[in-house]
file input_27.cif (mmCIF, C-alpha atoms and all ligand atoms)
data_final
#
loop_
_atom_site.label_atom_id
_atom_site.label_comp_id
_atom_site.auth_asym_id
_atom_site.auth_seq_id
_atom_site.Cartn_x
_atom_site.Cartn_y
_atom_site.Cartn_z
CA MET A 1 109.13 108.49 125.46
CA LYS A 2 107.52 111.11 127.64
CA GLY A 3 108.00 112.01 131.27
CA SER A 4 105.22 111.69 133.82
CA GLU A 5 104.44 113.91 136.80
CA SER A 6 105.98 111.98 139.72
CA VAL A 7 109.62 111.72 138.69
CA TRP A 8 112.01 110.78 141.43
CA MET A 9 115.17 112.78 141.68
CA LYS A 10 117.79 110.07 141.97
CA THR A 11 117.66 106.40 141.13
CA ALA A 12 120.33 103.70 141.00
CA PHE A 13 120.63 100.70 138.72
CA ILE A 14 123.13 98.17 140.01
CA TYR A 15 124.64 95.68 137.61
CA THR A 16 127.79 93.99 136.32
CA ASP A 17 128.49 91.74 133.34
CA ALA A 18 130.44 89.56 135.80
CA TYR A 19 127.08 87.84 136.49
CA LEU A 20 127.58 86.08 133.16
CA ASP A 21 130.64 84.24 134.50
CA TYR A 22 128.36 81.92 136.48
CA ASP A 23 126.18 79.12 135.20
CA TYR A 24 123.69 76.91 137.05
CA GLY A 25 123.94 74.44 134.14
CA PRO A 26 122.43 74.08 130.66
CA THR A 27 119.12 72.54 131.78
CA HIS A 28 118.61 74.64 134.91
CA PRO A 29 115.61 77.03 134.72
CA LEU A 30 117.61 79.96 136.11
CA GLN A 31 119.70 81.30 133.24
CA VAL A 32 121.79 84.35 134.09
CA ILE A 33 121.56 85.62 130.50
CA ARG A 34 118.15 87.05 131.48
CA LEU A 35 120.01 89.69 133.52
CA LYS A 36 122.09 90.76 130.52
CA LEU A 37 118.98 90.86 128.29
CA THR A 38 117.27 93.09 130.85
CA ARG A 39 120.20 95.45 131.12
CA ASP A 40 120.48 95.63 127.32
CA LEU A 41 116.79 96.44 126.85
CA ILE A 42 116.93 99.06 129.58
CA GLU A 43 119.94 100.64 127.92
CA ALA A 44 118.39 100.47 124.44
CA TYR A 45 115.33 102.32 125.72
CA GLY A 46 117.66 105.07 126.93
CA LEU A 47 116.80 104.40 130.56
CA LEU A 48 120.39 104.51 131.74
CA ASP A 49 120.96 107.97 130.23
CA LEU A 50 118.25 109.78 132.18
CA PRO A 51 119.53 112.64 134.36
CA SER A 52 118.05 110.92 137.41
CA VAL A 53 119.93 107.67 136.90
CA GLN A 54 123.13 106.54 138.48
CA PHE A 55 124.60 103.30 137.11
CA ILE A 56 126.49 101.52 139.87
CA ALA A 57 128.81 98.59 139.16
CA THR A 58 128.18 95.68 141.50
CA ILE A 59 130.72 95.04 144.24
CA LYS A 60 130.78 91.65 145.98
CA ALA A 61 129.50 91.41 149.54
CA LYS A 62 132.00 90.34 152.19
CA GLY A 63 131.91 87.11 154.16
CA LYS A 64 131.01 89.00 157.34
CA ASP A 65 127.96 90.48 155.60
CA LEU A 66 126.58 86.96 155.12
CA ALA A 67 127.25 85.92 158.71
CA VAL A 68 124.57 88.25 160.05
CA PHE A 69 122.04 85.67 158.87
CA HIS A 70 123.66 82.44 157.67
CA SER A 71 125.27 79.86 159.95
CA GLU A 72 129.02 79.38 160.03
CA ALA A 73 128.75 75.70 159.12
CA TYR A 74 126.60 76.50 156.08
CA LEU A 75 128.96 79.24 154.91
CA ASN A 76 131.86 76.78 155.23
CA ALA A 77 129.95 74.30 153.06
CA LEU A 78 129.33 77.04 150.46
CA ASN A 79 133.02 77.90 150.52
CA GLN A 80 133.90 74.31 149.69
CA ALA A 81 131.18 74.08 147.03
CA ASN A 82 132.55 77.27 145.46
CA GLU A 83 135.34 75.13 143.97
CA GLY A 84 132.65 73.42 141.91
CA ARG A 85 133.10 70.07 143.62
CA PHE A 86 130.40 68.29 145.53
CA MET A 87 132.07 67.43 148.82
CA GLY A 88 131.35 65.80 152.14
CA ASP A 89 128.01 66.63 153.64
CA ALA A 90 126.98 69.28 151.08
CA TYR A 91 123.59 67.58 150.64
CA LEU A 92 122.81 68.35 154.29
CA TYR A 93 122.80 72.00 153.30
CA GLY A 94 120.48 71.56 150.33
CA LEU A 95 123.34 71.46 147.81
CA GLY A 96 123.58 68.93 145.00
CA PRO A 97 122.06 67.89 141.69
CA GLY A 98 118.67 69.52 141.06
CA ASP A 99 117.49 72.91 142.25
CA ASN A 100 120.68 74.05 143.97
CA PRO A 101 123.55 72.64 141.94
CA VAL A 102 127.17 72.88 142.95
CA PHE A 103 128.92 74.90 140.23
CA PRO A 104 132.25 76.74 140.11
CA GLY A 105 131.95 80.11 141.81
CA LEU A 106 128.50 79.58 143.31
CA LEU A 107 129.54 81.52 146.41
CA ASP A 108 131.12 84.28 144.30
CA TRP A 109 127.86 84.54 142.36
CA SER A 110 125.93 84.83 145.62
CA LEU A 111 128.37 87.46 146.92
CA LEU A 112 127.71 89.55 143.80
CA ALA A 113 123.91 89.26 144.07
CA THR A 114 124.06 90.11 147.79
CA GLY A 115 126.63 92.87 147.33
CA ALA A 116 124.31 94.60 144.86
CA THR A 117 121.47 94.42 147.37
CA LEU A 118 123.65 96.01 150.06
CA GLN A 119 124.67 98.71 147.58
CA ALA A 120 120.98 99.36 146.89
CA VAL A 121 120.29 99.55 150.63
CA ASP A 122 123.18 101.95 151.22
CA PHE A 123 122.12 104.15 148.31
CA VAL A 124 118.57 104.50 149.55
CA ALA A 125 119.12 104.46 153.31
CA GLY A 126 122.06 106.84 152.98
CA GLY A 127 119.80 109.41 151.34
CA ARG A 128 121.63 109.36 147.99
CA GLY A 129 118.40 108.64 146.18
CA GLU A 130 114.84 107.40 146.41
CA VAL A 131 115.03 104.06 144.62
CA ALA A 132 117.63 101.45 143.71
CA PHE A 133 117.11 98.32 141.62
CA ASN A 134 119.21 95.14 141.87
CA ILE A 135 117.89 92.78 139.21
CA ALA A 136 120.26 90.01 140.36
CA GLY A 137 118.85 89.95 143.89
CA GLY A 138 115.63 88.72 145.46
CA LEU A 139 116.88 85.20 146.22
CA HIS A 140 114.16 84.79 148.80
CA HIS A 141 114.17 81.03 149.47
CA ALA A 142 117.64 80.65 151.04
CA MET A 143 117.43 79.60 154.68
CA ARG A 144 119.85 80.22 157.54
CA ALA A 145 121.65 76.91 156.99
CA ARG A 146 120.23 75.58 153.73
CA ALA A 147 120.14 76.39 150.04
CA SER A 148 116.65 76.24 148.56
CA GLY A 149 114.81 77.06 145.34
CA PHE A 150 117.89 78.20 143.35
CA CYS A 151 118.92 80.47 146.25
CA TYR A 152 122.13 80.05 148.26
CA ILE A 153 122.32 83.36 150.12
CA ASN A 154 119.22 85.28 151.15
CA ASP A 155 120.07 88.80 149.99
CA PRO A 156 116.65 90.29 150.90
CA VAL A 157 117.11 89.18 154.53
CA ILE A 158 120.67 90.49 154.68
CA GLY A 159 119.60 93.81 153.14
CA ILE A 160 116.69 94.19 155.54
CA MET A 161 118.93 93.36 158.51
CA ARG A 162 121.25 96.19 157.50
CA LEU A 163 118.25 98.53 157.29
CA LEU A 164 117.15 97.46 160.77
CA LYS A 165 120.64 98.19 162.07
CA LEU A 166 120.25 101.67 160.62
CA ARG A 167 116.98 101.90 162.58
CA LYS A 168 114.80 101.96 159.50
CA ARG A 169 111.29 100.62 159.55
CA VAL A 170 110.88 98.14 156.70
CA ALA A 171 107.92 96.74 154.81
CA TYR A 172 108.77 93.85 152.47
CA ILE A 173 106.46 93.09 149.54
CA ASP A 174 107.12 89.90 147.54
CA ILE A 175 105.22 89.44 144.26
CA ASP A 176 107.20 86.44 143.00
CA ALA A 177 104.91 83.54 142.05
CA HIS A 178 106.57 81.50 144.81
CA HIS A 179 106.10 82.13 148.53
CA GLY A 180 108.88 84.28 150.05
CA ASP A 181 109.51 81.66 152.71
CA GLY A 182 113.11 82.48 153.66
CA VAL A 183 112.31 86.12 154.32
CA GLN A 184 109.13 85.29 156.21
CA ASN A 185 111.01 82.81 158.43
CA ALA A 186 113.77 85.31 159.23
CA PHE A 187 111.30 87.89 160.56
CA TYR A 188 108.47 85.64 161.75
CA GLU A 189 108.75 86.64 165.40
CA THR A 190 109.35 90.37 165.12
CA ASP A 191 107.06 93.35 164.59
CA GLN A 192 109.94 95.43 163.20
CA VAL A 193 109.47 94.12 159.65
CA LEU A 194 106.14 93.70 157.89
CA THR A 195 106.42 90.93 155.28
CA ILE A 196 103.70 90.52 152.65
CA SER A 197 103.94 87.73 150.09
CA LEU A 198 101.57 87.27 147.13
CA HIS A 199 102.05 83.89 145.47
CA GLU A 200 100.52 80.77 143.98
CA THR A 201 99.15 78.55 146.73
CA GLY A 202 101.51 76.08 148.36
CA ARG A 203 99.01 73.38 147.47
CA THR A 204 100.20 73.47 143.86
CA LEU A 205 103.60 75.17 143.93
CA PHE A 206 107.01 75.09 145.62
CA PRO A 207 107.85 75.68 148.46
CA GLY A 208 104.47 74.44 149.71
CA THR A 209 104.08 77.16 152.34
CA GLY A 210 102.61 80.66 152.56
CA PHE A 211 99.08 79.90 153.66
CA GLU A 212 96.96 82.74 154.98
CA HIS A 213 97.05 81.39 158.52
CA GLU A 214 100.84 81.89 158.68
CA ILE A 215 100.62 85.34 160.27
CA GLY A 216 103.70 85.48 162.51
CA LYS A 217 104.39 84.42 166.06
CA GLY A 218 104.76 86.12 169.45
CA LYS A 219 105.54 89.80 168.97
CA GLY A 220 105.48 89.15 165.23
CA GLU A 221 101.86 88.02 165.17
CA GLY A 222 100.15 89.95 162.40
CA TYR A 223 103.40 91.06 160.76
CA SER A 224 103.71 88.13 158.34
CA VAL A 225 101.03 88.37 155.68
CA ASN A 226 100.33 85.74 153.04
CA LEU A 227 98.05 86.06 150.06
CA PRO A 228 97.98 82.65 148.32
CA PHE A 229 96.23 82.43 144.93
CA PRO A 230 94.74 79.39 143.18
CA PRO A 231 96.21 78.28 139.83
CA PHE A 232 95.04 80.30 136.80
CA THR A 233 94.39 83.47 138.80
CA ASP A 234 94.18 86.39 136.34
CA ASP A 235 94.99 90.13 136.48
CA GLU A 236 91.54 91.11 137.67
CA VAL A 237 91.49 88.88 140.75
CA TYR A 238 95.18 89.43 141.55
CA CYS A 239 95.00 93.23 141.36
CA TRP A 240 91.74 93.29 143.33
CA ALA A 241 93.31 91.30 146.18
CA PHE A 242 96.48 93.40 146.14
CA GLU A 243 94.40 96.56 146.44
CA GLU A 244 92.24 95.16 149.24
CA VAL A 245 95.19 94.11 151.39
CA VAL A 246 98.53 95.75 150.63
CA PRO A 247 97.96 99.56 150.64
CA GLU A 248 96.06 99.60 153.94
CA LEU A 249 98.64 97.45 155.72
CA VAL A 250 101.63 99.34 154.38
CA GLN A 251 100.09 102.70 155.24
CA ALA A 252 99.23 101.52 158.76
CA PHE A 253 102.72 100.13 159.28
CA ASN A 254 104.22 103.39 158.01
CA PRO A 255 107.64 102.16 156.84
CA ASP A 256 110.70 104.32 156.13
CA ILE A 257 111.64 102.04 153.27
CA VAL A 258 109.81 99.44 151.20
CA VAL A 259 111.87 96.47 150.00
CA THR A 260 110.31 94.50 147.15
CA GLN A 261 111.03 91.16 145.57
CA LEU A 262 109.82 91.63 142.00
CA GLY A 263 109.91 88.06 140.70
CA VAL A 264 108.43 87.89 137.21
CA ASP A 265 107.35 84.26 137.13
CA ALA A 266 103.61 84.88 137.52
CA PHE A 267 103.01 85.46 133.80
CA TYR A 268 100.77 82.97 132.05
CA ASN A 269 103.61 81.57 129.95
CA ASP A 270 106.18 81.08 132.70
CA PRO A 271 107.35 77.49 132.46
CA LEU A 272 107.37 76.86 136.23
CA THR A 273 104.10 78.34 137.50
CA ASN A 274 100.34 78.42 136.85
CA PHE A 275 99.26 82.07 137.09
CA ARG A 276 97.51 83.91 134.24
CA LEU A 277 98.90 87.40 134.71
CA SER A 278 99.72 89.78 131.88
CA LEU A 279 102.28 92.57 131.79
CA SER A 280 99.44 95.05 132.33
CA GLY A 281 98.56 93.42 135.66
CA TYR A 282 102.21 93.54 136.71
CA GLU A 283 102.37 97.20 135.68
CA ARG A 284 99.34 98.12 137.79
CA VAL A 285 100.88 96.50 140.85
CA LEU A 286 104.23 98.21 140.33
CA ARG A 287 102.65 101.64 139.94
CA ARG A 288 100.78 101.05 143.19
CA ILE A 289 103.99 100.01 144.98
CA LYS A 290 105.62 103.20 143.77
CA ASP A 291 102.76 105.23 145.25
CA LEU A 292 103.08 103.43 148.57
CA ALA A 293 106.86 103.46 149.01
CA PRO A 294 108.46 106.52 150.59
CA ARG A 295 111.81 105.01 149.54
CA TRP A 296 112.22 101.81 147.54
CA VAL A 297 114.83 99.06 147.46
CA ALA A 298 113.78 96.90 144.49
CA LEU A 299 115.17 93.41 144.03
CA GLY A 300 114.71 90.91 141.21
CA GLY A 301 113.64 87.33 141.76
CA GLY A 302 112.25 84.47 139.70
CA GLY A 303 111.30 84.54 136.04
CA TYR A 304 112.04 81.62 133.77
CA ASN A 305 111.09 82.98 130.39
CA ALA A 306 114.04 85.26 129.62
CA SER A 307 112.05 87.43 127.18
CA ASN A 308 109.43 88.07 129.88
CA VAL A 309 112.11 89.01 132.37
CA ALA A 310 113.68 91.64 130.11
CA ARG A 311 110.27 93.12 129.28
CA ALA A 312 108.94 93.21 132.82
CA TRP A 313 112.02 94.57 134.57
CA SER A 314 112.56 97.21 131.86
CA LEU A 315 108.99 98.32 132.46
CA ALA A 316 109.61 98.28 136.22
CA TRP A 317 112.70 100.46 135.82
CA ALA A 318 110.77 102.86 133.57
CA ILE A 319 108.07 103.17 136.24
CA MET A 320 110.69 103.81 138.92
CA ASN A 321 111.98 106.67 136.78
CA GLY A 322 108.58 108.06 135.80
CA VAL A 323 109.03 107.34 132.11
CA GLU A 324 106.56 105.86 129.61
CA LEU A 325 107.95 103.31 127.14
CA ASN A 326 107.17 102.91 123.46
CA GLU A 327 105.40 99.69 122.64
CA GLU A 328 107.88 98.93 119.83
CA LEU A 329 111.10 97.53 121.22
CA PRO A 330 114.24 99.38 120.08
CA GLU A 331 115.73 97.99 116.84
CA PRO A 332 119.35 97.72 117.99
CA PHE A 333 118.25 95.63 120.96
CA LEU A 334 116.12 93.29 118.85
CA LYS A 335 118.94 92.71 116.36
CA GLU A 336 121.19 91.29 119.07
CA ALA A 337 118.57 89.78 121.34
CA VAL A 338 116.98 87.46 118.76
CA LYS A 339 120.36 85.77 118.43
CA ILE A 340 120.04 84.58 122.01
CA GLY A 341 116.44 83.49 121.75
CA PHE A 342 114.50 86.67 122.54
CA GLU A 343 110.91 86.40 121.32
CA GLY A 344 108.50 89.09 120.05
CA GLU A 345 109.02 92.65 118.87
CA GLU A 346 106.78 94.62 121.19
CA LEU A 347 106.96 95.52 124.86
CA LYS A 348 103.68 94.01 125.98
CA GLY A 349 103.19 92.00 122.78
CA PRO A 350 103.12 88.37 123.84
CA LEU A 351 102.33 89.33 127.43
CA SER A 352 99.21 91.33 126.61
CA SER A 353 96.76 88.50 126.06
CA PRO A 354 96.79 85.54 128.42
CA PRO A 355 94.57 82.64 127.34
CA GLN A 356 90.87 83.14 127.92
CA GLY A 357 88.82 80.99 130.22
CA ARG A 358 89.14 82.09 133.79
CA ASN A 359 89.18 80.02 136.92
CA GLU A 360 85.70 80.78 138.22
CA LYS A 361 86.51 79.39 141.64
CA ALA A 362 89.56 81.65 142.01
CA ARG A 363 87.58 84.75 142.87
CA THR A 364 85.57 83.02 145.61
CA GLU A 365 88.67 81.46 147.12
CA VAL A 366 90.63 84.73 147.03
CA GLU A 367 87.71 86.62 148.59
CA ARG A 368 87.78 84.14 151.44
CA VAL A 369 91.53 84.63 151.95
CA VAL A 370 91.22 88.43 151.84
CA GLY A 371 88.42 88.20 154.42
CA TYR A 372 90.64 86.10 156.68
CA ILE A 373 93.49 88.62 156.45
CA LYS A 374 91.17 91.52 157.23
CA GLU A 375 89.88 89.71 160.29
CA MET A 376 93.11 88.26 161.66
CA VAL A 377 95.87 90.62 160.52
CA PHE A 378 94.44 94.10 160.00
CA PRO A 379 93.55 94.69 163.68
CA LYS A 380 97.10 93.77 164.76
CA VAL A 381 98.96 95.97 162.28
CA LYS A 382 96.46 98.81 162.59
CA GLY A 383 96.46 98.62 166.39
CA GLU A 384 92.72 98.07 166.66
CA PRO A 385 91.20 95.87 169.37
CA SER A 386 90.35 92.45 167.95
CA ASP A 387 87.34 90.30 168.80
CA SER A 388 89.28 87.21 167.89
CA PRO A 389 90.58 85.05 170.70
ZN ZN A 401 109.55 82.32 141.92
#

call {"tool": "encode", "arguments": {"input": "input_27.cif", "output": "structure tokens"}}
result
Amino acid sequence: MKGSESVWMKTAFIYTDAYLDYDYGPTHPLQVIRLKLTRDLIEAYGLLDLPSVQFIATIKAKGKDLAVFHSEAYLNALNQANEGRFMGDAYLYGLGPGDNPVFPGLLDWSLLATGATLQAVDFVAGGRGEVAFNIAGGLHHAMRARASGFCYINDPVIGIMRLLKLRKRVAYIDIDAHHGDGVQNAFYETDQVLTISLHETGRTLFPGTGFEHEIGKGKGEGYSVNLPFPPFTDDEVYCWAFEEVVPELVQAFNPDIVVTQLGVDAFYNDPLTNFRLSLSGYERVLRRIKDLAPRWVALGGGGYNASNVARAWSLAWAIMNGVELNEELPEPFLKEAVKIGFEGEELKGPLSSPPQGRNEKARTEVERVVGYIKEMVFPKVKGEPSDSP
């Protein structure tokens, strides 16, 4: 391990083993063990012992923290569902068998994930450090009165609302393979938050939204940015589009704090999505985000291959701390991790070579989308006069 030049002075990693008390069910794609695997790999690499790092134990959010965004009726339904019993009109709120199961403690789980996001926000906004990472957060699909896409409480929205209350200017960047619909909706009509989501097109993937023409409404026009990608998009096309769109918008918006949703479900072997990204592509994007962010609240997100999740978020945390990682994974980690299904022995290993055979149409389609964003969004965020009606 060797240090690199731009080391931040103070960073916070927020975590608790209490996450493991909750279970979406044996066949559900979201397995909380991925959080423990991530923490273990980060620890085994020595990334919790750096002088810059503060390890913060997660504290649950309070009910009143949730009420800034979620409706009272929905929170009541979650309270009832927290007993683990499907009751009354729970299905009206998106709860039930399938994506958003009712399991014992589902509200407690959500309070932990959201609490950690608020702790990250307080750490960064309070000037205690430059970056904080909550790997349990980033539950970006939850709506005001409805659970969606494995998400019950929208911790990114609640975190951003706290930042707004502290009069911080916030840019939100979402690189999960799924559209960050809940966060976009929450800030669709304001110019106080710039939301940028990069995701697989809604034509082929849940939640079916996030098209380039969704650019915000009223005062918010131009402040919701969507970069949808066709299936089988690879590193080259993805990183090109990121570079064309994100840095210029973020610099023009000039945020105090960048909040990111770092979902890791855009790798070629994720069971739920159709991207062809490698860990090197993910790394390039993260390094760029670090350059762009004056302060950084980093949240987790999707990722349904647990080995990928541990690899990618360990790499993310290393980047946040300006540390290079050895390609060989630490022995003590591997010894334990294989017992719970961890695959491969190297950091990039299985994520270094996505299948060959690119989607030739992807580049043309993405160039069209980037062109649209430059025409319709750039003039609004950059304050330039637009020729468009
Ligand atoms: Zn996702």

call {"tool": "axis_aligned_box", "arguments": {"input": "input_27.cif", "around": "segment 292-299 of chain A", "padding_each_side": "3 Å", "output": "JSON"}}
result
{"center_x": 109.1, "center_y": 100.0, "center_z": 147.3, "size_x": 18.1, "size_y": 19.1, "size_z": 12.6}

call {"tool": "closest_atom_pairs", "arguments": {"input": "input_27.cif", "of": "chain A", "to": "ligand ZN 401 (chain A)", "cutoff": "12 Å", "atoms": "all atoms listed in the file", "output": "tab-separated table"}}
result
residue	atom	partner	partner_atom	distance
A:Pro29	CA	A:ZN401	ZN	10.8
A:Leu30	CA	A:ZN401	ZN	10.2
A:Gly138	CA	A:ZN401	ZN	9.5
A:Leu139	CA	A:ZN401	ZN	9.0
A:His140	CA	A:ZN401	ZN	8.6
A:His141	CA	A:ZN401	ZN	8.9
A:Ser148	CA	A:ZN401	ZN	11.5
A:Gly149	CA	A:ZN401	ZN	8.2
A:Phe150	CA	A:ZN401	ZN	9.4
A:Cys151	CA	A:ZN401	ZN	10.5
A:Asp174	CA	A:ZN401	ZN	9.7
A:Ile175	CA	A:ZN401	ZN	8.7
A:Asp176	CA	A:ZN401	ZN	4.9
A:Ala177	CA	A:ZN401	ZN	4.8
A:His178	CA	A:ZN401	ZN	4.2
A:His179	CA	A:ZN401	ZN	7.5
A:Gly180	CA	A:ZN401	ZN	8.4
A:Asp181	CA	A:ZN401	ZN	10.8
A:Ser197	CA	A:ZN401	ZN	11.3
A:Leu198	CA	A:ZN401	ZN	10.7
A:His199	CA	A:ZN401	ZN	8.4
A:Glu200	CA	A:ZN401	ZN	9.4
A:Leu205	CA	A:ZN401	ZN	9.5
A:Phe206	CA	A:ZN401	ZN	8.5
A:Pro207	CA	A:ZN401	ZN	9.5
A:Gln261	CA	A:ZN401	ZN	9.7
A:Leu262	CA	A:ZN401	ZN	9.3
A:Gly263	CA	A:ZN401	ZN	5.9
A:Val264	CA	A:ZN401	ZN	7.4
A:Asp265	CA	A:ZN401	ZN	5.6
A:Ala266	CA	A:ZN401	ZN	7.8
A:Phe267	CA	A:ZN401	ZN	10.9
A:Asp270	CA	A:ZN401	ZN	9.9
A:Pro271	CA	A:ZN401	ZN	10.8
A:Leu272	CA	A:ZN401	ZN	8.2
A:Thr273	CA	A:ZN401	ZN	8.1
A:Asn274	CA	A:ZN401	ZN	11.2
A:Phe275	CA	A:ZN401	ZN	11.4
A:Gly300	CA	A:ZN401	ZN	10.0
A:Gly301	CA	A:ZN401	ZN	6.5
A:Gly302	CA	A:ZN401	ZN	4.1
A:Gly303	CA	A:ZN401	ZN	6.5
A:Tyr304	CA	A:ZN401	ZN	8.6
A:Asn305	CA	A:ZN401	ZN	11.7
A:Val309	CA	A:ZN401	ZN	11.9

call {"tool": "closest_residue", "arguments": {"input": "input_27.cif", "among": "A:Asn269, A:Ser52, A:Thr190, A:Asn154", "to": "Ala318 of chain A", "atoms": "only C-alpha atoms"}}
result
A:Ser52

call {"tool": "atom_distance", "arguments": {"input": "input_27.cif", "atom1": "atom CA of Glu346 of chain A", "atom2": "atom CA of Phe242 of chain A"}}
result
27.0 Å

call {"tool": "residues_around", "arguments": {"input": "input_27.cif", "residues": "segment 16-27 of chain A", "least_positions_apart": "3", "cutoff": "12 Å", "atoms": "all atoms listed in the file", "output": "number ranges by chain"}}
result
A: 13, 30-40, 55-60, 82, 84, 96-116, 134-137, 150-152, 304

call {"tool": "closest_atom_pairs", "arguments": {"input": "input_27.cif", "of": "segment 240-297 of chain A", "to": "segment 117-132 of chain A", "cutoff": "10 Å", "atoms": "only C-alpha atoms", "output": "JSON lines"}}
result
{"residue": "A:Asp256", "atom": "CA", "partner": "A:Ala125", "partner_atom": "CA", "distance": 8.9}
{"residue": "A:Ile257", "atom": "CA", "partner": "A:Ala125", "partner_atom": "CA", "distance": 7.9}
{"residue": "A:Val258", "atom": "CA", "partner": "A:Val131", "partner_atom": "CA", "distance": 9.6}
{"residue": "A:Val259", "atom": "CA", "partner": "A:Val121", "partner_atom": "CA", "distance": 9.0}
{"residue": "A:Lys290", "atom": "CA", "partner": "A:Val131", "partner_atom": "CA", "distance": 9.5}
{"residue": "A:Ala293", "atom": "CA", "partner": "A:Glu130", "partner_atom": "CA", "distance": 9.3}
{"residue": "A:Pro294", "atom": "CA", "partner": "A:Glu130", "partner_atom": "CA", "distance": 7.7}
{"residue": "A:Arg295", "atom": "CA", "partner": "A:Glu130", "partner_atom": "CA", "distance": 5.0}
{"residue": "A:Trp296", "atom": "CA", "partner": "A:Val131", "partner_atom": "CA", "distance": 4.6}
{"residue": "A:Val297", "atom": "CA", "partner": "A:Ala132", "partner_atom": "CA", "distance": 5.3}

call {"tool": "closest_residue", "arguments": {"input": "input_27.cif", "among": "A:Gly94, A:Gly159, A:Pro247, A:Gly208", "to": "Ala186 of chain A", "atoms": "only C-alpha atoms"}}
result
A:Gly159
